[in-house]
Structures are given as structure tokens and as C-alpha cells.
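entry_10.tsv (TSV, C-alpha atoms and all ligand atoms)
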```tsv
chain	number	residue	atom	x	y	z
G	21	MET	CA	-111.55	159.15	109.76
G	22	THR	CA	-109.70	156.09	108.48
G	23	THR	CA	-106.58	156.99	106.56
G	24	PRO	CA	-105.83	155.05	103.37
G	25	SER	CA	-103.01	153.24	105.14
G	26	GLY	CA	-105.26	152.42	108.07
G	27	LEU	CA	-107.75	150.99	105.62
G	28	ARG	CA	-105.05	148.90	104.01
G	29	THR	CA	-104.01	147.52	107.38
G	30	MET	CA	-107.60	146.69	108.16
G	31	LEU	CA	-108.11	144.98	104.81
G	32	SER	CA	-104.97	142.90	105.09
G	33	GLY	CA	-106.07	141.94	108.59
G	34	LEU	CA	-109.38	140.72	107.17
G	35	LEU	CA	-107.61	138.87	104.39
G	36	GLY	CA	-105.38	137.20	106.94
G	37	ALA	CA	-108.40	136.10	108.97
G	38	ALA	CA	-110.08	134.71	105.85
G	39	LEU	CA	-106.93	132.78	104.93
G	40	LEU	CA	-106.65	131.39	108.44
G	41	LEU	CA	-110.27	130.26	108.39
G	42	SER	CA	-109.93	128.53	105.03
G	43	THR	CA	-106.77	126.76	106.25
G	44	LEU	CA	-108.64	125.57	109.32
G	45	ALA	CA	-111.49	124.30	107.15
G	46	PHE	CA	-109.07	122.08	105.24
G	47	ALA	CA	-107.07	121.07	108.28
G	48	GLN	CA	-109.57	118.47	109.39
G	49	LYS	CA	-107.81	115.57	107.71
G	50	VAL	CA	-106.72	113.27	110.51
G	51	GLU	CA	-103.81	110.83	110.48
G	52	PRO	CA	-104.31	107.04	110.44
G	53	THR	CA	-103.20	106.57	114.06
G	54	PRO	CA	-104.30	103.35	115.82
G	55	GLU	CA	-106.88	105.38	117.73
G	56	ASN	CA	-108.34	106.93	114.57
G	57	LEU	CA	-108.38	103.53	112.83
G	58	SER	CA	-110.36	101.99	115.66
G	59	LYS	CA	-112.82	104.89	115.58
G	60	GLY	CA	-112.98	104.41	111.80
G	61	GLN	CA	-113.81	100.74	112.32
G	62	ALA	CA	-116.72	101.62	114.63
G	63	ILE	CA	-118.03	104.11	112.05
G	64	TYR	CA	-117.68	101.50	109.30
G	65	LYS	CA	-119.69	98.93	111.29
G	66	LYS	CA	-122.48	101.40	111.84
G	67	HIS	CA	-122.67	103.17	108.46
G	68	CYS	CA	-120.94	101.12	105.76
G	69	GLN	CA	-120.82	97.43	106.64
G	70	MET	CA	-124.45	96.73	105.66
G	71	CYS	CA	-123.49	97.41	102.05
G	72	HIS	CA	-119.73	96.85	101.83
G	73	GLY	CA	-119.65	93.75	104.06
G	74	VAL	CA	-117.66	92.80	107.17
G	75	ASN	CA	-114.48	92.33	105.15
G	76	GLY	CA	-115.10	95.07	102.60
G	77	VAL	CA	-115.67	92.81	99.58
G	78	GLY	CA	-119.07	94.40	98.93
G	79	ASP	CA	-121.29	91.54	100.12
G	80	GLY	CA	-123.26	93.28	102.86
G	81	PRO	CA	-126.98	92.36	103.07
G	82	ALA	CA	-128.13	95.84	102.01
G	83	GLY	CA	-125.74	95.87	99.05
G	84	LYS	CA	-126.84	92.66	97.35
G	85	ARG	CA	-129.52	94.16	95.13
G	86	LEU	CA	-127.76	97.41	94.31
G	87	ASN	CA	-126.63	98.22	90.82
G	88	PRO	CA	-123.79	98.97	90.51
G	89	LYS	CA	-122.66	96.73	93.36
G	90	PRO	CA	-120.89	98.23	96.38
G	91	TYR	CA	-117.25	98.79	95.58
G	92	ASN	CA	-114.92	95.96	96.53
G	93	LEU	CA	-112.72	97.74	99.05
G	94	THR	CA	-110.23	94.83	99.16
G	95	ASP	CA	-109.26	95.29	95.49
G	96	LYS	CA	-105.61	96.30	95.93
G	97	GLU	CA	-105.06	97.54	92.39
G	98	LYS	CA	-108.18	99.72	92.31
G	99	MET	CA	-107.77	101.11	95.80
G	100	ALA	CA	-104.10	101.94	95.21
G	101	GLY	CA	-105.13	103.77	92.04
G	102	GLU	CA	-107.54	106.11	93.85
G	103	THR	CA	-106.31	109.14	95.78
G	104	ASP	CA	-107.53	109.87	99.31
G	105	GLU	CA	-109.08	113.09	98.01
G	106	HIS	CA	-111.09	111.26	95.35
G	107	LEU	CA	-112.42	108.61	97.76
G	108	PHE	CA	-113.07	111.23	100.44
G	109	LYS	CA	-115.12	113.26	97.97
G	110	ASN	CA	-117.26	110.26	97.03
G	111	ILE	CA	-117.84	109.33	100.69
G	112	THR	CA	-118.79	112.96	101.35
G	113	LYS	CA	-121.07	113.51	98.34
G	114	GLY	CA	-122.17	109.92	97.69
G	115	LYS	CA	-121.83	107.94	94.48
G	116	GLY	CA	-124.51	106.05	92.57
G	117	PRO	CA	-126.59	104.11	95.12
G	118	MET	CA	-124.22	105.11	97.93
G	119	PRO	CA	-125.66	107.91	100.05
G	120	ALA	CA	-123.76	111.10	100.91
G	121	PHE	CA	-122.19	111.19	104.36
G	122	GLN	CA	-121.66	114.94	104.46
G	123	ARG	CA	-124.33	115.43	107.14
G	124	LYS	CA	-124.20	112.04	108.84
G	125	LEU	CA	-120.47	112.09	109.59
G	126	LYS	CA	-118.21	114.98	110.57
G	127	GLU	CA	-115.23	115.64	108.33
G	128	PRO	CA	-112.64	114.05	110.68
G	129	GLU	CA	-114.94	111.01	110.99
G	130	ARG	CA	-115.06	110.64	107.19
G	131	TRP	CA	-111.25	110.62	107.16
G	132	MET	CA	-111.17	108.03	109.97
G	133	VAL	CA	-113.47	105.68	108.08
G	134	LEU	CA	-111.53	106.22	104.85
G	135	HIS	CA	-108.27	105.31	106.62
G	136	TYR	CA	-110.02	102.24	108.01
G	137	VAL	CA	-111.35	101.04	104.62
G	138	ARG	CA	-107.81	101.40	103.22
G	139	THR	CA	-106.74	98.65	105.65
G	140	PHE	CA	-108.91	96.15	103.67
G	141	SER	CA	-106.53	96.37	100.72
G	142	LYS	CA	-103.26	96.28	102.70
U	1	LIG	C1	-126.44	101.80	100.55
U	1	LIG	C2	-125.22	101.03	100.46
U	1	LIG	C3	-123.90	101.71	100.76
U	1	LIG	C4	-123.50	102.28	101.94
U	1	LIG	C5	-124.28	102.40	103.24
U	1	LIG	C6	-122.12	102.70	101.74
U	1	LIG	N1	-121.73	102.44	100.47
U	1	LIG	FE1	-119.92	102.85	99.66
U	1	LIG	N2	-120.57	102.27	97.84
U	1	LIG	C7	-121.81	101.71	97.58
U	1	LIG	C8	-121.93	101.50	96.15
U	1	LIG	C9	-123.14	100.89	95.45
U	1	LIG	C10	-120.74	101.96	95.56
U	1	LIG	C11	-120.37	101.97	94.06
U	1	LIG	C12	-120.87	103.25	93.46
U	1	LIG	C13	-120.58	103.33	91.98
U	1	LIG	O1	-119.70	102.63	91.51
U	1	LIG	O2	-121.23	104.13	91.31
U	1	LIG	C14	-119.89	102.42	96.66
U	1	LIG	C15	-118.62	102.92	96.50
U	1	LIG	C16	-117.75	103.22	97.54
U	1	LIG	C17	-116.37	103.62	97.39
U	1	LIG	C18	-115.62	103.80	96.08
U	1	LIG	C19	-115.85	105.21	95.58
U	1	LIG	C20	-115.16	105.49	94.27
U	1	LIG	O3	-114.45	106.47	94.21
U	1	LIG	O4	-115.36	104.73	93.32
U	1	LIG	C21	-115.86	103.81	98.64
U	1	LIG	C22	-114.45	104.21	99.02
U	1	LIG	C23	-116.94	103.57	99.57
U	1	LIG	N3	-118.07	103.22	98.87
U	1	LIG	C24	-116.83	103.70	100.92
U	1	LIG	C25	-117.93	103.71	101.79
U	1	LIG	C26	-117.86	104.09	103.17
U	1	LIG	C27	-116.60	104.51	103.90
U	1	LIG	C28	-119.13	104.00	103.67
U	1	LIG	C29	-119.60	104.32	105.07
U	1	LIG	C30	-119.29	105.64	105.57
U	1	LIG	C31	-119.98	103.53	102.59
U	1	LIG	N4	-119.23	103.38	101.47
U	1	LIG	C32	-121.35	103.29	102.72
U	1	LIG	C33	-122.80	101.42	98.51
U	1	LIG	C34	-122.79	101.84	99.82
```

As C-alpha cells, what does this structure read like?
Ligand code: HEC
Amino acid sequence: MTTPSGLRTMLSGLLGAALLLSTLAFAQKVEPTPENLSKGQAIYKKHCQMCHGVNGVGDGPAGKRLNPKPYNLTDKEKMAGETDEHLFKNITKGKGPMPAFQRKLKEPERWMVLHYVRTFSK
């Protein structure tokens, strides 16, 4: 028979495990190290460049006929005004004609490519 205090211990153990798991789920944000930036660049070339262009101005061949146009990632004022979390969410879920990357890219990869596109406005 489980005593009430044994039950409490068990429950707090479960709660602890749940907390740990949710922390891990959010701990996938990677830092913009040179290695991660170069991985981000490779991801950009493969998944983003056709719309956003080689230099991020939004002139990629697949972006020309889109409405609205692909975001100009070199726009310093706009980019500085957007938080990482906001941009990450739109890369994850998609926005307008931009597809979602939730399934195509793993979470750390989405952070890598976000860090890379930030270099266009630096
Ligand atoms: C099919 C073309 C297309 C592809 C591929 C694409 N984008 Fe976009 N992207 C767009 C368009 C169009 C918008 C503007 C959407 C709008 O304003 O409603 C946009 C907007 C954005 C924005 C601004 C979001 C905001 O908060 O306003 C970012 C950042 C971005 N794209 C990054 C990326 C990255 C990183 C990739 C590759 C992983 C990518 N895009 C791939 C077309 C594309």
C-alpha cells in the first residue's frame, strides 16, 4: 500500500521529470558560433535562397512572383525590430507564401539558419 507521503514523493518525482522534459524541449536554441553560422549558411542555400536571394534582399528566382514579396533580410531597421522568438516562430510555422519548416528542419537547424540570416543585416 502506498502511504500518502509515498504518493506525494512519487507525484513530486513525476512533476520534476515533466519539468525537466519541458526544459529540454526549450533548450534547443543554439548559439551563433562560427560552426553554427556555417551550418546555417548551408541550410539557407538549400531551403531559403531560392526565394530570399543569395544576399537576402528577397530577389531569389522562386520569390519573384510571390505576393507579398519575400522579406528583405538585409533591412537593418526591420530586422533589429524583430525578436529571435518572433522570427523563429514564423520560420517554424510559415508566413504567407513562405512554407513552414517545422518538419523540414530540426529545431537547432532553424536556429542556425535564423542566426545566419541575421548576418545579412549586420
Ligand atoms: C517560397 C519562398 C520562400 C522560402 C523557400 C522561404 N521564404 Fe522566408 N519569406 C517568404 C515570404 C514571401 C515572406 C514574407 C511573408 C509575409 O510578409 O507575409 C518571408 C518572410 C520571412 C521572414 C520574416 C518573417 C517575419 O516575421 O516577418 C524571415 C525571417 C524569413 N522569411 C526567413 C526564411 C528562412 C530562414 C527560410 C529558409 C529556412 C525561408 N525564409 C524560406 C518566402 C520564402

* **Within-6 Å residues of ligand LIG 1 (chain U), basis only C-alpha atoms and all ligand atoms, as a PyMOL selection string** => chain G and resi 64+67-68+71+83+86+88-91+106-107+110-111+115-118+133-134

- Determine, counting all atoms listed in the file, which protein, DNA and RNA residues have an atom within 9 Å of an atom of Glu127 in chain G; residues of the same chain fewer than 3 positions away are not included. Present the result as an MDAnalysis selection string. chainID G and resid 48:49 112 122 130:132

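The space between CA of Leu40 in chain G and CA of Leu57 in chain G spans 28.3 Å.
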
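Coordinates place CA of Glu129 in chain G at a distance of 13.9 Å from CA of Asp104 in chain G.
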
Here CA of Pro52 in chain G and CA of Pro81 in chain G stand apart by 28.0 Å

Give me range 23-121 of chain G from this structure - C-alpha atoms, as an mmCIF file, in the first residue's frame.
```
data_model
loop_
_atom_site.group_PDB
_atom_site.id
_atom_site.type_symbol
_atom_site.label_atom_id
_atom_site.label_comp_id
_atom_site.auth_asym_id
_atom_site.auth_seq_id
_atom_site.Cartn_x
_atom_site.Cartn_y
_atom_site.Cartn_z
ATOM 1 C CA THR G 23 1.169 5.831 2.075
ATOM 2 C CA PRO G 24 0.005 9.395 1.433
ATOM 3 C CA SER G 25 3.559 10.633 1.869
ATOM 4 C CA GLY G 26 4.861 7.987 -0.504
ATOM 5 C CA LEU G 27 2.300 9.149 -3.020
ATOM 6 C CA ARG G 28 3.411 12.730 -2.581
ATOM 7 C CA THR G 29 7.023 11.763 -3.177
ATOM 8 C CA MET G 30 6.010 9.884 -6.280
ATOM 9 C CA LEU G 31 3.960 12.802 -7.589
ATOM 10 C CA SER G 32 6.700 15.334 -6.997
ATOM 11 C CA GLY G 33 9.092 12.975 -8.751
ATOM 12 C CA LEU G 34 6.768 12.918 -11.758
ATOM 13 C CA LEU G 35 6.415 16.673 -11.675
ATOM 14 C CA GLY G 36 10.179 17.017 -11.602
ATOM 15 C CA ALA G 37 10.516 14.739 -14.624
ATOM 16 C CA ALA G 38 7.880 16.733 -16.513
ATOM 17 C CA LEU G 39 9.666 19.992 -15.711
ATOM 18 C CA LEU G 40 12.979 18.557 -16.838
ATOM 19 C CA LEU G 41 11.472 17.375 -20.108
ATOM 20 C CA SER G 42 9.873 20.735 -20.854
ATOM 21 C CA THR G 43 13.184 22.484 -20.111
ATOM 22 C CA LEU G 44 14.944 20.147 -22.509
ATOM 23 C CA ALA G 45 12.331 20.850 -25.180
ATOM 24 C CA PHE G 46 13.116 24.566 -24.998
ATOM 25 C CA ALA G 47 16.853 24.104 -24.644
ATOM 26 C CA GLN G 48 17.401 23.519 -28.338
ATOM 27 C CA LYS G 49 18.281 27.115 -29.114
ATOM 28 C CA VAL G 50 21.872 27.063 -30.299
ATOM 29 C CA GLU G 51 24.402 29.885 -30.102
ATOM 30 C CA PRO G 52 25.652 31.735 -33.211
ATOM 31 C CA THR G 53 29.111 30.137 -33.112
ATOM 32 C CA PRO G 54 31.149 30.173 -36.359
ATOM 33 C CA GLU G 55 30.349 26.478 -36.791
ATOM 34 C CA ASN G 56 26.601 27.000 -36.378
ATOM 35 C CA LEU G 57 26.680 30.002 -38.737
ATOM 36 C CA SER G 58 28.339 27.962 -41.447
ATOM 37 C CA LYS G 59 25.783 25.186 -40.983
ATOM 38 C CA GLY G 60 23.096 27.891 -41.127
ATOM 39 C CA GLN G 61 24.539 29.131 -44.409
ATOM 40 C CA ALA G 62 24.336 25.641 -45.936
ATOM 41 C CA ILE G 63 20.703 25.334 -44.781
ATOM 42 C CA TYR G 64 19.929 28.773 -46.220
ATOM 43 C CA LYS G 65 21.373 27.840 -49.625
ATOM 44 C CA LYS G 66 19.279 24.709 -49.755
ATOM 45 C CA HIS G 67 15.956 25.899 -48.298
ATOM 46 C CA CYS G 68 15.717 29.699 -48.399
ATOM 47 C CA GLN G 69 17.941 31.193 -51.087
ATOM 48 C CA MET G 70 15.559 30.395 -53.975
ATOM 49 C CA CYS G 71 13.126 32.912 -52.511
ATOM 50 C CA HIS G 72 15.200 35.271 -50.353
ATOM 51 C CA GLY G 73 18.160 35.515 -52.761
ATOM 52 C CA VAL G 74 21.914 34.974 -52.372
ATOM 53 C CA ASN G 75 22.313 38.182 -50.388
ATOM 54 C CA GLY G 76 18.972 38.067 -48.588
ATOM 55 C CA VAL G 77 17.358 41.028 -50.361
ATOM 56 C CA GLY G 78 14.406 38.876 -51.450
ATOM 57 C CA ASP G 79 15.271 38.528 -55.146
ATOM 58 C CA GLY G 80 15.537 34.749 -55.449
ATOM 59 C CA PRO G 81 14.077 33.242 -58.654
ATOM 60 C CA ALA G 82 11.254 31.455 -56.798
ATOM 61 C CA GLY G 83 10.334 34.626 -54.903
ATOM 62 C CA LYS G 84 9.798 36.953 -57.850
ATOM 63 C CA ARG G 85 6.108 36.266 -58.371
ATOM 64 C CA LEU G 86 5.118 35.924 -54.738
ATOM 65 C CA ASN G 87 2.806 38.380 -53.075
ATOM 66 C CA PRO G 88 3.785 39.605 -50.578
ATOM 67 C CA LYS G 89 7.413 39.504 -51.700
ATOM 68 C CA PRO G 90 9.982 37.566 -49.662
ATOM 69 C CA TYR G 91 11.107 39.626 -46.716
ATOM 70 C CA ASN G 92 14.210 41.720 -47.287
ATOM 71 C CA LEU G 93 16.530 40.177 -44.719
ATOM 72 C CA THR G 94 19.131 42.954 -45.160
ATOM 73 C CA ASP G 95 16.740 45.645 -43.851
ATOM 74 C CA LYS G 96 18.601 46.640 -40.677
ATOM 75 C CA GLU G 97 15.772 48.596 -39.095
ATOM 76 C CA LYS G 98 13.157 45.881 -39.615
ATOM 77 C CA MET G 99 15.388 43.000 -38.618
ATOM 78 C CA ALA G 100 16.578 44.788 -35.476
ATOM 79 C CA GLY G 101 12.932 45.389 -34.566
ATOM 80 C CA GLU G 102 12.028 41.682 -34.637
ATOM 81 C CA THR G 103 12.879 39.356 -31.768
ATOM 82 C CA ASP G 104 14.542 35.981 -32.367
ATOM 83 C CA GLU G 105 11.436 34.301 -30.945
ATOM 84 C CA HIS G 106 9.141 36.065 -33.423
ATOM 85 C CA LEU G 107 11.294 35.234 -36.461
ATOM 86 C CA PHE G 108 11.859 31.684 -35.224
ATOM 87 C CA LYS G 109 8.110 31.185 -34.916
ATOM 88 C CA ASN G 110 7.495 32.370 -38.476
ATOM 89 C CA ILE G 111 10.269 30.147 -39.859
ATOM 90 C CA THR G 112 8.770 27.238 -37.914
ATOM 91 C CA LYS G 113 5.104 27.796 -38.797
ATOM 92 C CA GLY G 114 5.497 29.634 -42.106
ATOM 93 C CA LYS G 115 4.111 33.037 -43.041
ATOM 94 C CA GLY G 116 2.032 33.993 -46.072
ATOM 95 C CA PRO G 117 3.610 32.304 -49.120
ATOM 96 C CA MET G 118 6.542 31.084 -47.026
ATOM 97 C CA PRO G 119 6.197 27.397 -46.142
ATOM 98 C CA ALA G 120 6.543 26.041 -42.598
ATOM 99 C CA PHE G 121 9.902 24.482 -41.765
#
```
